[in-house]
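Listing of data19.cif; format and content: mmCIF, C-alpha atoms.
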data_work
#
loop_
_atom_site.group_PDB
_atom_site.id
_atom_site.type_symbol
_atom_site.label_atom_id
_atom_site.label_comp_id
_atom_site.auth_asym_id
_atom_site.auth_seq_id
_atom_site.Cartn_x
_atom_site.Cartn_y
_atom_site.Cartn_z
ATOM 1 C CA ALA A 13 124.375 128.119 64.207
ATOM 2 C CA THR A 14 124.552 129.406 67.749
ATOM 3 C CA VAL A 15 124.991 133.161 67.859
ATOM 4 C CA ALA A 16 126.927 134.375 70.870
ATOM 5 C CA ALA A 17 124.798 136.455 73.213
ATOM 6 C CA ARG A 18 126.687 139.736 73.374
ATOM 7 C CA PRO A 19 126.476 141.918 76.461
ATOM 8 C CA THR A 20 124.425 144.982 75.568
ATOM 9 C CA ASN A 21 126.673 147.167 77.691
ATOM 10 C CA PRO A 22 130.429 147.206 76.961
ATOM 11 C CA ASN A 23 130.938 148.647 80.455
ATOM 12 C CA ASP A 24 129.785 145.440 82.184
ATOM 13 C CA TYR A 25 132.491 144.055 84.481
ATOM 14 C CA TYR A 26 132.107 140.585 82.942
ATOM 15 C CA ASN A 27 131.742 139.613 79.295
ATOM 16 C CA TYR A 28 129.190 136.843 79.800
ATOM 17 C CA GLY A 29 129.327 135.242 76.377
ATOM 18 C CA LEU A 30 126.607 132.633 75.913
ATOM 19 C CA SER A 31 125.396 132.965 79.509
ATOM 20 C CA TYR A 32 124.309 136.594 79.125
ATOM 21 C CA PRO A 33 120.546 135.849 78.835
ATOM 22 C CA GLN A 34 120.387 133.945 82.140
ATOM 23 C CA ILE A 35 122.249 136.785 83.864
ATOM 24 C CA HIS A 36 120.314 139.600 82.235
ATOM 25 C CA LEU A 37 116.817 138.192 82.891
ATOM 26 C CA HIS A 38 117.364 139.260 86.522
ATOM 27 C CA ASN A 39 119.651 142.256 85.855
ATOM 28 C CA ALA A 40 122.355 140.377 87.741
ATOM 29 C CA GLU A 41 125.024 142.270 85.800
ATOM 30 C CA PHE A 42 123.978 145.308 87.877
ATOM 31 C CA LEU A 43 125.102 143.509 91.043
ATOM 32 C CA HIS A 44 128.355 142.352 89.446
ATOM 33 C CA ASN A 45 129.099 145.849 88.146
ATOM 34 C CA HIS A 46 128.677 147.183 91.696
ATOM 35 C CA HIS A 47 131.258 144.738 93.074
ATOM 36 C CA PHE A 48 128.769 142.151 94.360
ATOM 37 C CA ARG A 49 130.059 138.891 92.901
ATOM 38 C CA GLY A 50 129.826 136.608 95.944
ATOM 39 C CA GLU A 51 132.981 137.585 97.828
ATOM 40 C CA GLY A 52 132.872 136.573 101.471
ATOM 41 C CA MET A 53 129.668 134.558 101.025
ATOM 42 C CA GLN A 54 129.366 130.767 101.333
ATOM 43 C CA LEU A 55 127.027 128.742 99.153
ATOM 44 C CA ALA A 56 126.347 125.028 99.742
ATOM 45 C CA ILE A 57 125.211 122.813 96.868
ATOM 46 C CA MET A 58 123.587 119.464 97.606
ATOM 47 C CA ASP A 59 123.482 117.199 94.566
ATOM 48 C CA ALA A 60 124.312 113.829 92.969
ATOM 49 C CA GLY A 61 128.000 114.496 92.295
ATOM 50 C CA PHE A 62 130.340 117.069 90.783
ATOM 51 C CA LEU A 63 132.056 115.046 88.075
ATOM 52 C CA ASN A 64 135.317 116.563 86.785
ATOM 53 C CA TYR A 65 135.040 119.881 88.622
ATOM 54 C CA LEU A 66 138.702 119.478 89.623
ATOM 55 C CA THR A 67 139.867 119.465 85.996
ATOM 56 C CA LEU A 68 137.367 121.316 83.792
ATOM 57 C CA PRO A 69 138.455 124.808 82.669
ATOM 58 C CA THR A 70 135.057 126.192 83.744
ATOM 59 C CA PHE A 71 136.227 126.036 87.365
ATOM 60 C CA ASP A 72 139.848 127.156 87.004
ATOM 61 C CA SER A 73 139.138 130.361 88.937
ATOM 62 C CA ILE A 74 137.522 128.686 91.943
ATOM 63 C CA ARG A 75 140.387 126.164 92.037
ATOM 64 C CA THR A 76 143.133 128.792 91.749
ATOM 65 C CA ASN A 77 141.513 130.970 94.394
ATOM 66 C CA ALA A 78 140.684 128.064 96.731
ATOM 67 C CA GLN A 79 136.969 128.907 96.681
ATOM 68 C CA VAL A 80 135.870 125.317 97.339
ATOM 69 C CA ILE A 81 135.843 125.398 101.132
ATOM 70 C CA ASN A 82 134.487 121.953 101.956
ATOM 71 C CA THR A 83 133.341 118.764 100.224
ATOM 72 C CA TRP A 84 131.794 115.506 101.394
ATOM 73 C CA ASP A 85 130.110 112.547 99.751
ATOM 74 C CA PHE A 86 127.308 111.510 102.122
ATOM 75 C CA VAL A 87 126.377 108.571 99.877
ATOM 76 C CA ALA A 88 129.790 106.882 99.706
ATOM 77 C CA GLU A 89 131.031 108.422 102.986
ATOM 78 C CA LYS A 90 134.242 109.913 101.623
ATOM 79 C CA PRO A 91 135.695 113.409 101.220
ATOM 80 C CA GLY A 92 135.849 113.691 97.423
ATOM 81 C CA VAL A 93 132.928 114.631 95.139
ATOM 82 C CA ASN A 94 134.767 114.843 91.803
ATOM 83 C CA ASP A 95 133.267 111.556 90.605
ATOM 84 C CA ALA A 96 129.815 109.907 90.645
ATOM 85 C CA HIS A 97 127.603 112.164 88.556
ATOM 86 C CA PRO A 98 127.837 115.385 86.501
ATOM 87 C CA HIS A 99 124.534 116.945 87.604
ATOM 88 C CA GLY A 100 126.000 118.910 90.505
ATOM 89 C CA MET A 101 128.879 120.057 88.308
ATOM 90 C CA ASN A 102 126.390 121.370 85.738
ATOM 91 C CA CYS A 103 124.552 123.232 88.530
ATOM 92 C CA LEU A 104 127.790 124.589 90.026
ATOM 93 C CA SER A 105 128.854 125.886 86.609
ATOM 94 C CA THR A 106 125.879 128.265 86.396
ATOM 95 C CA ILE A 107 127.167 129.962 89.576
ATOM 96 C CA ALA A 108 130.948 129.518 89.498
ATOM 97 C CA ALA A 109 131.976 129.580 85.824
ATOM 98 C CA ASN A 110 134.509 132.260 84.971
ATOM 99 C CA MET A 111 135.395 131.972 81.283
ATOM 100 C CA PRO A 112 135.423 135.580 80.061
ATOM 101 C CA GLY A 113 133.601 136.078 76.784
ATOM 102 C CA THR A 114 132.318 132.504 76.880
ATOM 103 C CA PHE A 115 130.511 131.605 80.104
ATOM 104 C CA VAL A 116 130.280 133.409 83.452
ATOM 105 C CA GLY A 117 128.194 132.318 86.437
ATOM 106 C CA THR A 118 125.935 134.304 88.743
ATOM 107 C CA ALA A 119 128.280 134.393 91.783
ATOM 108 C CA PRO A 120 131.756 133.540 90.523
ATOM 109 C CA LYS A 121 133.554 134.847 93.637
ATOM 110 C CA ALA A 122 131.560 132.950 96.274
ATOM 111 C CA GLY A 123 132.943 130.213 98.490
ATOM 112 C CA PHE A 124 131.490 126.777 97.789
ATOM 113 C CA LEU A 125 130.543 123.765 99.899
ATOM 114 C CA LEU A 126 129.970 120.778 97.610
ATOM 115 C CA TYR A 127 127.977 117.876 99.017
ATOM 116 C CA ARG A 128 126.826 114.684 97.389
ATOM 117 C CA THR A 129 123.557 113.634 99.047
ATOM 118 C CA GLU A 130 121.771 112.056 96.087
ATOM 119 C CA ASP A 131 122.381 108.508 94.820
ATOM 120 C CA ALA A 132 121.360 108.846 91.179
ATOM 121 C CA SER A 133 121.087 105.057 90.693
ATOM 122 C CA SER A 134 117.974 104.734 92.891
ATOM 123 C CA GLU A 135 115.548 106.788 94.952
ATOM 124 C CA TYR A 136 115.163 106.095 98.663
ATOM 125 C CA PRO A 137 114.324 108.242 101.716
ATOM 126 C CA VAL A 138 117.916 107.856 102.958
ATOM 127 C CA GLU A 139 118.772 110.597 100.465
ATOM 128 C CA GLU A 140 116.602 112.992 102.470
ATOM 129 C CA GLN A 141 118.572 111.981 105.562
ATOM 130 C CA ASN A 142 121.791 112.630 103.634
ATOM 131 C CA PHE A 143 120.489 116.111 102.900
ATOM 132 C CA VAL A 144 119.806 116.727 106.599
ATOM 133 C CA ALA A 145 123.390 115.716 107.423
ATOM 134 C CA ALA A 146 124.762 117.959 104.670
ATOM 135 C CA ALA A 147 122.626 120.886 105.796
ATOM 136 C CA GLU A 148 123.879 120.482 109.348
ATOM 137 C CA ARG A 149 127.482 120.360 108.167
ATOM 138 C CA ALA A 150 127.012 123.396 105.920
ATOM 139 C CA ASP A 151 125.455 125.359 108.787
ATOM 140 C CA SER A 152 128.318 124.440 111.113
ATOM 141 C CA ILE A 153 130.860 125.750 108.585
ATOM 142 C CA GLY A 154 128.966 128.993 108.053
ATOM 143 C CA ALA A 155 126.954 128.625 104.839
ATOM 144 C CA ASP A 156 124.866 131.658 103.917
ATOM 145 C CA ALA A 157 122.787 129.965 101.220
ATOM 146 C CA PHE A 158 121.879 126.543 99.854
ATOM 147 C CA SER A 159 121.262 125.615 96.225
ATOM 148 C CA VAL A 160 119.129 122.473 96.210
ATOM 149 C CA SER A 161 118.386 120.947 92.807
ATOM 150 C CA LEU A 162 116.754 117.895 94.356
ATOM 151 C CA GLY A 163 113.123 116.863 94.430
ATOM 152 C CA TYR A 164 111.316 113.861 95.876
ATOM 153 C CA ASN A 165 107.842 112.492 95.292
ATOM 154 C CA THR A 166 108.110 108.849 94.194
ATOM 155 C CA PHE A 167 110.654 106.283 95.368
ATOM 156 C CA SER A 168 112.144 103.007 94.143
ATOM 157 C CA ASN A 169 109.955 101.320 96.755
ATOM 158 C CA SER A 170 106.463 102.753 96.282
ATOM 159 C CA ALA A 171 105.671 102.223 99.971
ATOM 160 C CA PHE A 172 107.661 105.427 100.588
ATOM 161 C CA ASN A 173 105.874 107.525 97.953
ATOM 162 C CA TYR A 174 104.457 110.900 98.874
ATOM 163 C CA THR A 175 101.016 112.146 97.990
ATOM 164 C CA TYR A 176 100.303 115.707 96.935
ATOM 165 C CA ASN A 177 98.762 116.254 100.391
ATOM 166 C CA ASP A 178 102.188 115.539 101.926
ATOM 167 C CA LEU A 179 103.579 118.577 100.091
ATOM 168 C CA ASN A 180 102.117 121.049 102.576
ATOM 169 C CA GLY A 181 105.336 122.825 103.450
ATOM 170 C CA HIS A 182 106.232 121.082 106.689
ATOM 171 C CA THR A 183 105.676 117.300 106.523
ATOM 172 C CA THR A 184 108.469 115.584 104.574
ATOM 173 C CA LEU A 185 111.825 115.140 106.281
ATOM 174 C CA ILE A 186 113.638 117.212 103.665
ATOM 175 C CA ALA A 187 111.084 120.062 103.833
ATOM 176 C CA ARG A 188 111.402 120.143 107.617
ATOM 177 C CA ALA A 189 115.187 120.261 107.279
ATOM 178 C CA ALA A 190 114.984 123.077 104.694
ATOM 179 C CA ASN A 191 112.719 125.058 107.034
ATOM 180 C CA MET A 192 115.086 124.429 109.928
ATOM 181 C CA ALA A 193 117.965 125.780 107.832
ATOM 182 C CA ALA A 194 115.842 128.863 107.136
ATOM 183 C CA GLN A 195 115.259 129.261 110.885
ATOM 184 C CA LYS A 196 119.035 129.176 111.319
ATOM 185 C CA GLY A 197 119.251 132.155 108.958
ATOM 186 C CA ILE A 198 120.214 130.374 105.739
ATOM 187 C CA ALA A 199 118.694 131.412 102.397
ATOM 188 C CA VAL A 200 117.495 128.109 100.933
ATOM 189 C CA VAL A 201 116.904 128.051 97.160
ATOM 190 C CA VAL A 202 115.200 124.933 95.736
ATOM 191 C CA ALA A 203 114.307 123.681 92.255
ATOM 192 C CA ALA A 204 110.534 123.457 91.775
ATOM 193 C CA GLY A 205 110.731 120.110 89.965
ATOM 194 C CA ASN A 206 110.315 118.890 86.383
ATOM 195 C CA GLU A 207 106.894 117.257 86.683
ATOM 196 C CA GLY A 208 104.877 119.864 84.772
ATOM 197 C CA SER A 209 104.081 117.600 81.819
ATOM 198 C CA ASN A 210 103.883 114.378 83.859
ATOM 199 C CA ALA A 211 100.902 112.864 85.665
ATOM 200 C CA TRP A 212 102.171 114.188 89.017
ATOM 201 C CA ARG A 213 102.328 117.741 87.581
ATOM 202 C CA TYR A 214 103.034 119.471 90.894
ATOM 203 C CA ILE A 215 106.156 120.629 92.700
ATOM 204 C CA THR A 216 108.318 118.062 94.472
ATOM 205 C CA THR A 217 109.689 118.306 97.994
ATOM 206 C CA PRO A 218 111.504 120.331 99.431
ATOM 207 C CA ALA A 219 110.189 122.941 96.948
ATOM 208 C CA ASP A 220 107.022 122.941 99.074
ATOM 209 C CA ALA A 221 108.846 124.089 102.234
ATOM 210 C CA ASP A 222 107.314 127.144 103.920
ATOM 211 C CA SER A 223 110.391 129.297 104.405
ATOM 212 C CA ILE A 224 112.435 128.739 101.265
ATOM 213 C CA ILE A 225 112.395 130.134 97.749
ATOM 214 C CA SER A 226 111.493 127.619 95.043
ATOM 215 C CA VAL A 227 112.393 128.306 91.432
ATOM 216 C CA GLY A 228 110.493 127.395 88.296
ATOM 217 C CA ALA A 229 111.934 127.332 84.774
ATOM 218 C CA VAL A 230 111.392 129.759 81.901
ATOM 219 C CA ASP A 231 113.269 130.376 78.672
ATOM 220 C CA LYS A 232 115.124 133.576 77.802
ATOM 221 C CA ASN A 233 111.880 135.038 76.448
ATOM 222 C CA ARG A 234 110.171 134.438 79.835
ATOM 223 C CA LYS A 235 108.037 131.622 78.451
ATOM 224 C CA VAL A 236 107.313 128.984 81.111
ATOM 225 C CA ALA A 237 108.956 125.637 80.340
ATOM 226 C CA SER A 238 106.408 122.860 79.761
ATOM 227 C CA PHE A 239 108.220 120.589 82.233
ATOM 228 C CA SER A 240 108.345 123.126 85.064
ATOM 229 C CA SER A 241 106.326 121.839 88.028
ATOM 230 C CA PHE A 242 103.115 123.596 88.997
ATOM 231 C CA GLY A 243 102.024 124.860 92.389
ATOM 232 C CA PRO A 244 100.498 125.618 94.704
ATOM 233 C CA GLY A 245 101.613 123.485 97.622
ATOM 234 C CA SER A 246 98.772 121.429 99.104
ATOM 235 C CA ASN A 247 98.518 124.070 101.863
ATOM 236 C CA GLY A 248 97.717 126.672 99.195
ATOM 237 C CA GLN A 249 101.078 128.401 99.392
ATOM 238 C CA ILE A 250 102.091 129.983 96.077
ATOM 239 C CA LYS A 251 104.840 127.887 94.502
ATOM 240 C CA PRO A 252 107.130 128.263 92.731
ATOM 241 C CA ASP A 253 108.064 131.607 94.243
ATOM 242 C CA ILE A 254 109.981 132.891 91.239
ATOM 243 C CA ALA A 255 111.441 131.631 87.959
ATOM 244 C CA ALA A 256 114.806 131.696 86.222
ATOM 245 C CA ILE A 257 116.133 130.310 82.956
ATOM 246 C CA GLY A 258 115.869 126.526 82.987
ATOM 247 C CA SER A 259 114.842 126.019 79.374
ATOM 248 C CA GLY A 260 117.951 126.478 77.258
ATOM 249 C CA ALA A 261 120.101 127.215 80.309
ATOM 250 C CA VAL A 262 123.843 127.429 79.712
ATOM 251 C CA VAL A 263 125.794 124.812 81.684
ATOM 252 C CA ALA A 264 129.255 123.285 81.447
ATOM 253 C CA ASN A 265 129.827 120.295 79.188
ATOM 254 C CA THR A 266 130.965 117.276 81.207
ATOM 255 C CA ALA A 267 133.841 116.458 78.841
ATOM 256 C CA THR A 268 135.149 119.894 77.845
ATOM 257 C CA GLY A 269 133.736 122.395 80.349
ATOM 258 C CA GLN A 270 132.630 124.564 77.455
ATOM 259 C CA PRO A 271 129.103 126.001 77.565
ATOM 260 C CA MET A 272 126.247 123.881 76.291
ATOM 261 C CA TYR A 273 122.475 124.079 76.658
ATOM 262 C CA GLY A 274 120.525 122.127 79.244
ATOM 263 C CA ASN A 275 116.962 121.971 80.513
ATOM 264 C CA GLY A 276 115.531 121.652 84.001
ATOM 265 C CA THR A 277 114.465 123.585 87.060
ATOM 266 C CA SER A 278 117.743 122.077 88.326
ATOM 267 C CA PHE A 279 119.548 124.856 86.464
ATOM 268 C CA ALA A 280 117.082 127.653 87.217
ATOM 269 C CA CYS A 281 117.739 126.975 90.924
ATOM 270 C CA PRO A 282 121.520 127.586 91.040
ATOM 271 C CA ILE A 283 121.263 130.553 88.665
ATOM 272 C CA MET A 284 118.926 132.115 91.217
ATOM 273 C CA ALA A 285 120.961 130.895 94.212
ATOM 274 C CA GLY A 286 124.008 132.744 92.903
ATOM 275 C CA ILE A 287 121.981 135.920 92.393
ATOM 276 C CA THR A 288 120.493 135.526 95.883
ATOM 277 C CA THR A 289 124.021 135.287 97.289
ATOM 278 C CA CYS A 290 125.197 138.454 95.501
ATOM 279 C CA LEU A 291 122.084 140.385 96.524
ATOM 280 C CA TRP A 292 122.595 139.422 100.160
ATOM 281 C CA GLN A 293 126.265 140.396 99.913
ATOM 282 C CA ALA A 294 125.029 143.863 98.938
ATOM 283 C CA PHE A 295 122.733 144.083 101.986
ATOM 284 C CA PRO A 296 124.525 142.259 104.822
ATOM 285 C CA GLU A 297 122.449 144.027 107.469
ATOM 286 C CA VAL A 298 119.221 142.146 106.600
ATOM 287 C CA ASN A 299 118.282 138.519 107.250
ATOM 288 C CA ASN A 300 117.550 135.665 104.877
ATOM 289 C CA MET A 301 113.785 136.166 104.876
ATOM 290 C CA VAL A 302 114.127 139.822 103.896
ATOM 291 C CA ILE A 303 116.258 138.776 100.906
ATOM 292 C CA ILE A 304 113.763 136.063 99.921
ATOM 293 C CA ASP A 305 110.877 138.498 100.195
ATOM 294 C CA ALA A 306 112.757 141.077 98.093
ATOM 295 C CA LEU A 307 113.248 138.474 95.361
ATOM 296 C CA ARG A 308 109.552 137.617 95.391
ATOM 297 C CA GLN A 309 108.562 141.285 95.331
ATOM 298 C CA SER A 310 110.858 142.027 92.407
ATOM 299 C CA SER A 311 109.353 139.423 90.099
ATOM 300 C CA ASP A 312 107.480 140.629 87.039
ATOM 301 C CA ARG A 313 104.012 139.415 88.094
ATOM 302 C CA VAL A 314 104.103 139.653 91.866
#
In structure tokens, write the structure found in this file.
Amino acid sequence: ATVAARPTNPNDYYNYGLSYPQIHLHNAEFLHNHHFRGEGMQLAIMDAGFLNYLTLPTFDSIRTNAQVINTWDFVAEKPGVNDAHPHGMNCLSTIAANMPGTFVGTAPKAGFLLYRTEDASSEYPVEEQNFVAAAERADSIGADAFSVSLGYNTFSNSAFNYTYNDLNGHTTLIARAANMAAQKGIAVVVAAGNEGSNAWRYITTPADADSIISVGAVDKNRKVASFSSFGPGSNGQIKPDIAAIGSGAVVANTATGQPMYGNGTSFACPIMAGITTCLWQAFPEVNNMVIIDALRQSSDRV
């Protein structure tokens, strides 16, 4: 039987329910208790779709409070992103959930930009171009941070495949776009990839990008997930930068919105993106790179 993870401190602002371990690994409750819950910050999520986010109870707060600022489907070229695929919804839930005593995300008060850039049915470089378009749109609206649970290395047409040497931080289109977003002052948080037990083994792009923070997966006991992609980048840069819970992460169930367990650096990334957003809210006078560096410096084996 699943035992609810009880907050250790009854004075915490939120009762996190099952999601407590993925909050507490980073002491994110400290930020929440000090009124840093994402207010006034904008977080863009690029993904494969946000199935049922308009109806699931997980997102009742962000709907009621009009926290979804902008949406666009760059694959189907239409405004709505409530269909297609649940992956982005699962990722969004780790940040935006507000179900007291059951499931609470890492930045439940943030504003959200939800963009579908990934066509889950195939893998082609056009999806990188979709990301560039989404990044540009997010920047124009005022996004502070990106959560990017996307990773590219092999494509449906192998002529487009990358080699490990291509993952040098500044070669692929999507890595260049992620770096450009960083130059614009955006804190870009990227999933490291789930290739750790595959032949490829290494991070995928844009996790290799120079100026972003890439996130590997651990479990609640800090044990590295077997699937979590390895670094370094082919330029020798240490990747992933940090890790969050991606093995046994709590995410919303597609049918009910209730918490369930999922695996993937895809979930470690938004958990950390929400925390990044709250930390930056606490220190608005510094830039994105200072926040990223602070996160790196605060890790347990820096």
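Residue nearest Lys90 (chain A) within the list A:Gly258, A:Tyr127, A:Thr217, A:Ala122: A:Tyr127 [criterion: smallest interatomic distance, all atoms listed in the file].
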Target residues per the PyMOL selection byres ((chain A and resi 185-202) around 8), formatted as number ranges by chain: A: 140-141, 143-144, 147, 151, 155-162, 181-184, 203-204, 217-227, 281-282, 284-285, 288, 299-301, 303-304
Could you give me, as JSON lines, a per-residue list for region 210-277 of chain A showing, wherever an atom lies at most 9 Å from an atom of region 98-110 of chain A, the closest pair of atoms and their distance in Å to one decimal, using only C-alpha atoms and sorting by chain then residue number from low to high?
{"residue": "A:Ala261", "atom": "CA", "partner": "A:Thr106", "partner_atom": "CA", "distance": 8.5}
{"residue": "A:Val262", "atom": "CA", "partner": "A:Thr106", "partner_atom": "CA", "distance": 7.0}
{"residue": "A:Val263", "atom": "CA", "partner": "A:Asn102", "partner_atom": "CA", "distance": 5.4}
{"residue": "A:Ala264", "atom": "CA", "partner": "A:Asn102", "partner_atom": "CA", "distance": 5.5}
{"residue": "A:Asn265", "atom": "CA", "partner": "A:Asn102", "partner_atom": "CA", "distance": 7.5}
{"residue": "A:Thr266", "atom": "CA", "partner": "A:Pro98", "partner_atom": "CA", "distance": 6.4}
{"residue": "A:Gly269", "atom": "CA", "partner": "A:Ser105", "partner_atom": "CA", "distance": 8.7}
{"residue": "A:Gly274", "atom": "CA", "partner": "A:Asn102", "partner_atom": "CA", "distance": 8.8}
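The smallest atom-to-atom distance between Pro296 (chain A) and any of A:Glu41, A:Glu139, A:Glu51, A:Glu89, using only C-alpha atoms, is found for A:Glu51.
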Nearest to Ala280 (chain A), restricted to all atoms listed in the file and choosing among A:Ile254, A:Leu126, A:Ala40, A:Ala145, comes out as A:Ile254
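Compared by their closest atoms to Asp72 (chain A), and using all atoms listed in the file, the residues A:Met111, A:Leu37, A:Ala60, A:Ala255 rank with A:Met111 nearest.
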Considering all atoms listed in the file, return as a ChimeraX atom specification whatever protein or nucleic-acid residues lie within 6 Å of Asn94 (chain A), sequence-local ones (same chain, fewer than 5 positions apart) excluded. /A:62-65
What is the CA of Thr118 (chain A)-CA of Val236 (chain A) distance in Å, reported with one decimal? 20.8 Å
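Nearest-residue note for Asp59 (chain A): choosing from A:Gln34, A:Gln270, A:Thr114, A:Ser278, the minimum distance belongs to A:Ser278, counting only C-alpha atoms.
Comparing the minimum interatomic distances between Val230 (chain A) and each of A:Trp212, A:Phe48, A:Phe279, A:Phe172, counting only C-alpha atoms, we find that A:Phe279 sits nearest.
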In Å to one decimal, how far is CA of Ala146 (chain A) from CA of Thr129 (chain A)? 7.2 Å
Name all residues at most 12 Å from Asn39 (chain A) (count only C-alpha atoms; drop same-chain ones fewer than 5 positions away) and give them as a count of residues only. 18
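From CA of Gln79 (chain A) back to CA of Gly123 (chain A), the distance works out to 4.6 Å.
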Around all listed atoms of region 252-271 of chain A, padded 5 Å per side, what centre and edge lengths does the axis-aligned box have in Å to one decimal, as JSON?
{"center_x": 121.1, "center_y": 124.7, "center_z": 85.8, "size_x": 38.0, "size_y": 26.4, "size_z": 27.0}
